[in-house]
Amino acid sequence: MVAQILSGQKIAAQVYAELKERIDRLKSHGIVPGLAMVRVGEDPASVSYMKQKEKIAQKMGIYSKFIVFPEDTSEERLLAEIKKLNDDSKFHGIIVQLPLPRHIDPRKVIEAIDPQKDVDCFHPLNVGKLLIGEPYLLPCTPHGVWQILLRSGYSPEGKHVVICGRSNISGKPLFAILIQKKAGANATVTVCHTGTPNLAHFTRQADILVAAMGSPKAITTDMVREGAVVIDVGVNRVPDPTEKTGFRLVGDTDFEALLEKAEAITPVPGGVGPVTVAMLIWNTVTACEHQVRLS
Ligand code: GUN
């Protein structure tokens with residue numbers, strides 16, 4: 001068996017076609033969705049992610065502003081900027097790229113963002129709403145994972161999904177999304193983490209296995225059931241002198257080996273990443289519709 005490769009680019013393109021209609025409708029009412037993106041410092045992964053986000057926002061006709069502060073910017077200065085963006089009606093979405101420098105408390109920063117403009121869905125109010133089954137928006141990475149499954153014909157409904165990783169950005173909110181009592185969710189979900197003894201015992205039971213632990217190629221073929229669907233959320237930079245950049249990106253799974261065992265698998269790069277960016281644009285459009293009461 002050779003696994004189907006689930007292309008994130010193809011799925012993102014479908015999403016953009018749908019969003020284009022919603023953006024055109026907003027524009028016909030004289031409204032342009034606006035997204036402010038803030039970064040502090042020059043973390044290389046953050047620089048790369050933000051470039052991708054800005055490129056797509058511009059291509060989709062979103063009004064976007066990219067604000068970069070130097071590494072030594074004070075927490076106070078950053079909080080003042082967020083307040084300004086909260087009060088600016090041109091922006092319907094605000095994201096502050098993580099990680100932040102050590103002297104800035106990410107909790108304080110996230111909580112300073114107006115929950116209505118929190119298109120990352122990191123604010124505790126929005127996390128709480130998701131957990132009680134009344135989400136405002138869905139966080140981008142786990143929403144991307146869900147959309148990949150749904151749009152590829154692998155609904156998690158009634159399936160056993162095993163998530164490896166309990167981060168606030170991926171593992172935990174994906175759990176909250178997939179256990180929702182609604183069509184297309186309704187999965188039985190196991191969350192494994194660094195405290196899980198005998199990880200393979202659990203991963204082998206997965207109909208759908210999501211690797212989101214941030215550990216290069218940690219999921220090997222012996223840990224996966226024949227015919228499982230594998231979604232790889234990992235983005236790890238590993239040194240590679242043959243690359244111009246000196247590194248290459250690999251996921252949390254042994255992709256090449258799993259091609260012989262899985263029913264379907266997402267590549268890295270080109271899997272979850274592009275769909276995550278599409279979900280950010282989705283959230284910006286949804287937040288805009290909500291704020292101008294056009295939903
Ligand atoms: N850092 C890694 N992923 C993300 C994300 O989805 N949003 C933000 N703001 N920072 C990140």
# chains A, B, ... in the order shown; residues from 1 in each chain; ligands from 1
call {"tool": "closest_atom_pairs", "arguments": {"of": "chain A", "to": "ligand 1", "cutoff": "10 Å", "atoms": "only C-alpha atoms and all ligand atoms", "output": "CSV"}}
result
residue,atom,partner,partner_atom_place_in_ligand_line,distance
A:Met37,CA,ligand 1,9 (N),8.3
A:Val38,CA,ligand 1,9 (N),8.4
A:Arg39,CA,ligand 1,9 (N),8.7
A:Ala45,CA,ligand 1,2 (C),8.2
A:Ser46,CA,ligand 1,1 (N),6.6
A:Tyr49,CA,ligand 1,2 (C),7.9
A:Met50,CA,ligand 1,10 (N),8.9
A:Ile94,CA,ligand 1,9 (N),8.9
A:Ile95,CA,ligand 1,9 (N),5.2
A:Val96,CA,ligand 1,9 (N),4.7
A:Gln97,CA,ligand 1,9 (N),3.6
A:Leu98,CA,ligand 1,10 (N),3.8
A:Pro99,CA,ligand 1,1 (N),6.0
A:Leu100,CA,ligand 1,10 (N),8.9
A:Ile110,CA,ligand 1,9 (N),9.1
A:Asp118,CA,ligand 1,9 (N),9.6
A:Val119,CA,ligand 1,9 (N),8.9
A:Asp120,CA,ligand 1,7 (N),5.7
A:Cys121,CA,ligand 1,7 (N),8.8
A:Phe122,CA,ligand 1,9 (N),8.2
A:Pro139,CA,ligand 1,6 (O),7.6
A:Cys140,CA,ligand 1,6 (O),6.0
A:Thr141,CA,ligand 1,6 (O),6.2
A:Pro142,CA,ligand 1,6 (O),9.5
A:Ile169,CA,ligand 1,6 (O),6.7
A:Ser170,CA,ligand 1,6 (O),8.6
A:Val235,CA,ligand 1,2 (C),9.8
A:Gly273,CA,ligand 1,6 (O),9.6
A:Thr276,CA,ligand 1,6 (O),7.3
A:Val277,CA,ligand 1,6 (O),8.2
A:Met279,CA,ligand 1,6 (O),9.6
A:Leu280,CA,ligand 1,6 (O),8.2
call {"tool": "write_last_selection", "arguments": {"atoms": "C-alpha atoms", "output": "mmCIF file, in the first residue's frame"}}
result
data_model
loop_
_atom_site.group_PDB
_atom_site.id
_atom_site.type_symbol
_atom_site.label_atom_id
_atom_site.label_comp_id
_atom_site.auth_asym_id
_atom_site.auth_seq_id
_atom_site.Cartn_x
_atom_site.Cartn_y
_atom_site.Cartn_z
ATOM 1 C CA MET A 37 0.482 41.060 12.916
ATOM 2 C CA VAL A 38 2.976 41.877 15.641
ATOM 3 C CA ARG A 39 6.408 40.379 16.189
ATOM 4 C CA ALA A 45 10.787 30.545 12.537
ATOM 5 C CA SER A 46 8.557 33.517 13.473
ATOM 6 C CA TYR A 49 5.748 32.268 9.445
ATOM 7 C CA MET A 50 4.910 35.954 9.434
ATOM 8 C CA ILE A 94 -4.728 40.901 15.839
ATOM 9 C CA ILE A 95 -1.999 38.318 16.272
ATOM 10 C CA VAL A 96 1.177 38.523 18.302
ATOM 11 C CA GLN A 97 3.625 35.935 17.054
ATOM 12 C CA LEU A 98 4.949 33.555 19.707
ATOM 13 C CA PRO A 99 7.438 32.938 21.224
ATOM 14 C CA LEU A 100 8.078 36.330 22.778
ATOM 15 C CA ILE A 110 -2.552 37.447 24.978
ATOM 16 C CA ASP A 118 -8.256 37.296 18.892
ATOM 17 C CA VAL A 119 -7.934 35.448 15.561
ATOM 18 C CA ASP A 120 -5.346 33.038 17.023
ATOM 19 C CA CYS A 121 -7.993 32.010 19.589
ATOM 20 C CA PHE A 122 -5.388 32.079 22.364
ATOM 21 C CA PRO A 139 -7.541 28.117 16.802
ATOM 22 C CA CYS A 140 -5.709 27.958 13.475
ATOM 23 C CA THR A 141 -3.467 24.887 13.707
ATOM 24 C CA PRO A 142 -6.020 22.426 15.159
ATOM 25 C CA ILE A 169 -1.451 25.836 20.415
ATOM 26 C CA SER A 170 -2.091 22.355 18.977
ATOM 27 C CA VAL A 235 7.884 21.650 11.979
ATOM 28 C CA GLY A 273 1.307 24.557 7.578
ATOM 29 C CA THR A 276 -3.027 26.802 9.275
ATOM 30 C CA VAL A 277 -2.395 30.056 7.389
ATOM 31 C CA MET A 279 -7.474 29.259 8.916
ATOM 32 C CA LEU A 280 -5.967 32.565 10.056
#
call {"tool": "residues_around", "arguments": {"residues": "Gly93 (chain A)", "least_positions_apart": "3", "cutoff": "8 Å", "atoms": "only C-alpha atoms", "output": "list in words"}}
result
Gly34, Leu35, Ala36, Gln116, Lys117, Asp118, Val119, Asn283, Thr284, Ala287 and Cys288 of chain A
call {"tool": "residues_around", "arguments": {"residues": "Leu78 (chain A)", "least_positions_apart": "2", "cutoff": "9 Å", "atoms": "only C-alpha atoms", "output": "mmCIF file with N, CA and C atoms, in the first residue's frame"}}
result
data_model
loop_
_atom_site.group_PDB
_atom_site.id
_atom_site.type_symbol
_atom_site.label_atom_id
_atom_site.label_comp_id
_atom_site.auth_asym_id
_atom_site.auth_seq_id
_atom_site.Cartn_x
_atom_site.Cartn_y
_atom_site.Cartn_z
ATOM 1 N N VAL A 38 1.919 41.261 14.833
ATOM 2 C CA VAL A 38 2.976 41.877 15.641
ATOM 3 C C VAL A 38 4.053 40.834 15.950
ATOM 4 N N VAL A 40 7.976 40.534 18.006
ATOM 5 C CA VAL A 40 9.038 41.180 18.785
ATOM 6 C C VAL A 40 10.297 40.339 18.600
ATOM 7 N N PHE A 69 8.863 44.867 16.349
ATOM 8 C CA PHE A 69 9.581 45.591 17.401
ATOM 9 C C PHE A 69 10.934 44.934 17.638
ATOM 10 N N THR A 73 12.335 45.455 23.254
ATOM 11 C CA THR A 73 11.119 46.251 23.500
ATOM 12 C C THR A 73 10.504 45.858 24.846
ATOM 13 N N SER A 74 10.016 46.859 25.592
ATOM 14 C CA SER A 74 9.450 46.541 26.907
ATOM 15 C C SER A 74 8.035 45.964 26.765
ATOM 16 N N GLU A 75 7.641 45.236 27.791
ATOM 17 C CA GLU A 75 6.280 44.673 27.828
ATOM 18 C C GLU A 75 5.246 45.809 27.754
ATOM 19 N N GLU A 76 5.553 46.873 28.462
ATOM 20 C CA GLU A 76 4.661 48.044 28.502
ATOM 21 C C GLU A 76 4.416 48.616 27.109
ATOM 22 N N ALA A 80 0.928 48.682 25.041
ATOM 23 C CA ALA A 80 0.366 49.950 24.537
ATOM 24 C C ALA A 80 -0.004 49.823 23.057
ATOM 25 N N GLU A 81 0.829 49.103 22.307
ATOM 26 C CA GLU A 81 0.542 48.902 20.877
ATOM 27 C C GLU A 81 -0.727 48.058 20.700
ATOM 28 N N ILE A 82 -0.857 47.040 21.537
ATOM 29 C CA ILE A 82 -2.049 46.180 21.434
ATOM 30 C C ILE A 82 -3.308 46.998 21.741
ATOM 31 N N LYS A 83 -3.210 47.862 22.716
ATOM 32 C CA LYS A 83 -4.367 48.698 23.061
ATOM 33 C C LYS A 83 -4.766 49.558 21.855
ATOM 34 N N ILE A 104 9.156 39.287 28.387
ATOM 35 C CA ILE A 104 7.746 39.640 28.170
ATOM 36 C C ILE A 104 6.880 38.428 28.534
ATOM 37 N N VAL A 109 0.203 39.449 27.465
ATOM 38 C CA VAL A 109 0.051 39.967 26.105
ATOM 39 C C VAL A 109 -1.207 39.389 25.460
#
call {"tool": "residues_around", "arguments": {"residues": "region 144-150 of chain A", "least_positions_apart": "5", "cutoff": "8 Å", "atoms": "only C-alpha atoms", "output": "compact mmCIF listing (two decimals) with N, CA, C and O atoms, in the first residue's frame"}}
result
# COMPACT_ATOMS: atom_id res chain seq x y z
N LEU A 6 -1.69 13.87 1.63
CA LEU A 6 -2.71 14.91 1.77
C LEU A 6 -2.05 16.27 1.60
O LEU A 6 -1.32 16.72 2.48
N GLY A 8 -1.58 20.00 1.73
CA GLY A 8 -2.11 21.17 2.41
C GLY A 8 -2.37 22.32 1.44
O GLY A 8 -3.32 23.08 1.61
N ILE A 11 -5.80 21.87 -0.22
CA ILE A 11 -6.91 22.16 0.69
C ILE A 11 -6.99 23.66 0.98
O ILE A 11 -8.06 24.26 0.97
N SER A 155 -13.52 11.86 8.03
CA SER A 155 -14.19 12.47 9.17
C SER A 155 -13.80 11.75 10.45
O SER A 155 -13.81 10.51 10.51
N PRO A 156 -13.48 12.48 11.50
CA PRO A 156 -13.10 11.86 12.78
C PRO A 156 -14.29 11.26 13.52
O PRO A 156 -14.10 10.57 14.52
N LEU A 174 -6.99 20.87 19.88
CA LEU A 174 -7.47 19.86 18.92
C LEU A 174 -8.36 18.85 19.65
O LEU A 174 -9.41 18.43 19.14
N LEU A 178 -12.27 18.10 18.58
CA LEU A 178 -12.70 16.78 18.08
C LEU A 178 -13.69 16.08 19.01
O LEU A 178 -14.40 15.17 18.57
N GLY A 184 -19.17 15.79 12.21
CA GLY A 184 -17.79 15.98 11.76
C GLY A 184 -16.78 15.95 12.89
O GLY A 184 -15.58 15.92 12.65
N ILE A 231 -1.54 12.61 10.62
CA ILE A 231 -1.44 14.07 10.42
C ILE A 231 -0.23 14.56 11.20
O ILE A 231 -0.15 14.38 12.42
N VAL A 272 0.09 20.50 7.06
CA VAL A 272 -0.71 21.30 8.00
C VAL A 272 -0.39 22.80 7.88
O VAL A 272 -1.29 23.64 7.99
N VAL A 275 -2.50 25.06 5.54
CA VAL A 275 -3.90 25.11 5.96
C VAL A 275 -4.04 25.97 7.23
O VAL A 275 -5.04 26.66 7.41
N THR A 276 -3.02 25.95 8.08
CA THR A 276 -3.03 26.80 9.27
C THR A 276 -3.12 28.27 8.87
O THR A 276 -3.89 29.05 9.45
N ALA A 278 -4.36 29.41 6.09
CA ALA A 278 -5.71 29.62 5.54
C ALA A 278 -6.73 29.83 6.67
O ALA A 278 -7.67 30.63 6.54
N MET A 279 -6.54 29.13 7.79
CA MET A 279 -7.47 29.26 8.92
C MET A 279 -7.35 30.63 9.59
O MET A 279 -8.31 31.16 10.12
call {"tool": "atom_distance", "arguments": {"atom1": "CA of Gly153 (chain A)", "atom2": "CA of Asp24 (chain A)"}}
result
28.6 Å
call {"tool": "residues_around", "arguments": {"residues": "Lys159 (chain A)", "least_positions_apart": "4", "cutoff": "8 Å", "atoms": "only C-alpha atoms", "output": "VMD selection string"}}
result
chain A and resid 187 to 188 207 to 208
call {"tool": "select_by_dssp", "arguments": {"residues": "region 228-286 of chain A", "states": "strand (DSSP E)", "output": "number ranges by chain"}}
result
A: 229-232, 236-239, 247-250, 264-265
call {"tool": "write_last_selection", "arguments": {"atoms": "N, CA and C atoms", "output": "compact mmCIF listing (two decimals), in the first residue's frame"}}
result
# COMPACT_ATOMS: atom_id res chain seq x y z
N VAL A 229 -4.61 6.95 9.42
CA VAL A 229 -4.43 8.26 8.80
C VAL A 229 -3.52 9.07 9.72
N VAL A 230 -2.45 9.63 9.16
CA VAL A 230 -1.43 10.29 9.99
C VAL A 230 -1.36 11.78 9.62
N ILE A 231 -1.54 12.61 10.62
CA ILE A 231 -1.44 14.07 10.42
C ILE A 231 -0.23 14.56 11.20
N ASP A 232 0.69 15.18 10.49
CA ASP A 232 1.96 15.60 11.10
C ASP A 232 1.98 17.12 11.28
N ASN A 236 10.16 20.92 12.35
CA ASN A 236 11.46 20.91 13.04
C ASN A 236 12.56 21.25 12.03
N ARG A 237 13.45 22.14 12.45
CA ARG A 237 14.60 22.48 11.60
C ARG A 237 15.74 21.54 11.95
N VAL A 238 16.20 20.74 10.99
CA VAL A 238 17.36 19.88 11.27
C VAL A 238 18.52 20.31 10.37
N PRO A 239 19.74 20.31 10.92
CA PRO A 239 20.89 20.77 10.12
C PRO A 239 21.04 19.94 8.85
N PHE A 247 19.74 24.18 6.76
CA PHE A 247 18.81 23.30 7.47
C PHE A 247 17.69 22.85 6.53
N ARG A 248 16.98 21.80 6.96
CA ARG A 248 15.75 21.46 6.25
C ARG A 248 14.67 21.19 7.27
N LEU A 249 13.43 21.23 6.81
CA LEU A 249 12.30 21.03 7.72
C LEU A 249 11.87 19.58 7.69
N VAL A 250 11.68 19.00 8.88
CA VAL A 250 11.09 17.66 8.94
C VAL A 250 9.97 17.69 9.98
N ALA A 264 -3.17 7.38 4.65
CA ALA A 264 -2.97 8.75 4.16
C ALA A 264 -2.07 9.47 5.16
N ILE A 265 -1.32 10.46 4.66
CA ILE A 265 -0.38 11.18 5.54
C ILE A 265 -0.14 12.58 4.99
call {"tool": "atom_distance", "arguments": {"atom1": "CA of Val161 (chain A)", "atom2": "CA of Ala185 (chain A)"}}
result
10.5 Å
call {"tool": "select_by_dssp", "arguments": {"residues": "region 63-205 of chain A", "states": "helix (DSSP H, G or I)", "output": "PDB file with C-alpha atoms, in the first residue's frame"}}
result
ATOM      1  CA  GLU A  75       6.280  44.673  27.828  1.00  0.00           C
ATOM      2  CA  GLU A  76       4.661  48.044  28.502  1.00  0.00           C
ATOM      3  CA  ARG A  77       5.396  49.283  24.978  1.00  0.00           C
ATOM      4  CA  LEU A  78       3.985  46.105  23.465  1.00  0.00           C
ATOM      5  CA  LEU A  79       0.835  46.318  25.613  1.00  0.00           C
ATOM      6  CA  ALA A  80       0.366  49.950  24.537  1.00  0.00           C
ATOM      7  CA  GLU A  81       0.542  48.902  20.877  1.00  0.00           C
ATOM      8  CA  ILE A  82      -2.049  46.180  21.434  1.00  0.00           C
ATOM      9  CA  LYS A  83      -4.367  48.698  23.061  1.00  0.00           C
ATOM     10  CA  LYS A  84      -3.997  50.949  20.020  1.00  0.00           C
ATOM     11  CA  LEU A  85      -4.830  48.068  17.678  1.00  0.00           C
ATOM     12  CA  ASN A  86      -7.820  47.037  19.836  1.00  0.00           C
ATOM     13  CA  ASP A  87      -9.196  50.572  19.448  1.00  0.00           C
ATOM     14  CA  PRO A 106       2.995  35.978  26.915  1.00  0.00           C
ATOM     15  CA  ARG A 107      -0.084  35.504  29.165  1.00  0.00           C
ATOM     16  CA  LYS A 108      -0.358  39.255  29.803  1.00  0.00           C
ATOM     17  CA  VAL A 109       0.051  39.967  26.105  1.00  0.00           C
ATOM     18  CA  ILE A 110      -2.552  37.447  24.978  1.00  0.00           C
ATOM     19  CA  GLU A 111      -5.016  38.666  27.608  1.00  0.00           C
ATOM     20  CA  ALA A 112      -4.532  42.246  26.412  1.00  0.00           C
ATOM     21  CA  PRO A 115     -11.220  38.690  22.542  1.00  0.00           C
ATOM     22  CA  GLN A 116     -13.331  39.681  19.491  1.00  0.00           C
ATOM     23  CA  LYS A 117     -10.095  40.355  17.567  1.00  0.00           C
ATOM     24  CA  PRO A 124      -8.472  32.420  27.867  1.00  0.00           C
ATOM     25  CA  LEU A 125     -12.051  33.578  27.213  1.00  0.00           C
ATOM     26  CA  ASN A 126     -11.985  32.048  23.726  1.00  0.00           C
ATOM     27  CA  VAL A 127     -10.194  28.912  24.944  1.00  0.00           C
ATOM     28  CA  GLY A 128     -12.907  28.534  27.590  1.00  0.00           C
ATOM     29  CA  LYS A 129     -15.698  29.038  25.045  1.00  0.00           C
ATOM     30  CA  LEU A 130     -14.202  26.308  22.894  1.00  0.00           C
ATOM     31  CA  LEU A 131     -13.987  23.949  25.844  1.00  0.00           C
ATOM     32  CA  CYS A 140      -5.709  27.958  13.475  1.00  0.00           C
ATOM     33  CA  THR A 141      -3.467  24.887  13.707  1.00  0.00           C
ATOM     34  CA  PRO A 142      -6.020  22.426  15.159  1.00  0.00           C
ATOM     35  CA  HIS A 143      -8.731  23.862  12.912  1.00  0.00           C
ATOM     36  CA  GLY A 144      -6.379  23.215   9.993  1.00  0.00           C
ATOM     37  CA  VAL A 145      -5.952  19.595  11.096  1.00  0.00           C
ATOM     38  CA  TRP A 146      -9.734  19.173  11.303  1.00  0.00           C
ATOM     39  CA  GLN A 147     -10.300  20.730   7.873  1.00  0.00           C
ATOM     40  CA  ILE A 148      -7.656  18.456   6.306  1.00  0.00           C
ATOM     41  CA  LEU A 149      -9.458  15.408   7.715  1.00  0.00           C
ATOM     42  CA  LEU A 150     -12.952  16.573   6.710  1.00  0.00           C
ATOM     43  CA  ARG A 151     -11.994  17.722   3.234  1.00  0.00           C
ATOM     44  CA  GLY A 171      -2.741  19.287  21.136  1.00  0.00           C
ATOM     45  CA  LYS A 172      -5.097  20.664  23.790  1.00  0.00           C
ATOM     46  CA  PRO A 173      -7.377  22.690  21.482  1.00  0.00           C
ATOM     47  CA  LEU A 174      -7.472  19.855  18.923  1.00  0.00           C
ATOM     48  CA  PHE A 175      -8.788  17.619  21.680  1.00  0.00           C
ATOM     49  CA  ALA A 176     -11.478  20.227  22.468  1.00  0.00           C
ATOM     50  CA  ILE A 177     -12.482  20.505  18.802  1.00  0.00           C
ATOM     51  CA  LEU A 178     -12.704  16.785  18.082  1.00  0.00           C
ATOM     52  CA  LEU A 199       3.608   5.796  23.876  1.00  0.00           C
ATOM     53  CA  ALA A 200       3.519   3.172  21.113  1.00  0.00           C
ATOM     54  CA  HIS A 201       0.861   1.194  23.032  1.00  0.00           C
ATOM     55  CA  PHE A 202      -1.506   4.135  22.483  1.00  0.00           C
ATOM     56  CA  THR A 203      -0.413   5.310  19.040  1.00  0.00           C
TER      57      THR A 203
END
call {"tool": "closest_residue", "arguments": {"among": "A:Val268, A:Ala262, A:Leu26, A:Val32", "to": "Ile62 (chain A)", "atoms": "only C-alpha atoms"}}
result
A:Val32
call {"tool": "closest_residue", "arguments": {"among": "A:His160, A:Ala183, A:Ile219, A:Cys192", "to": "Gln205 (chain A)", "atoms": "only C-alpha atoms"}}
result
A:His160
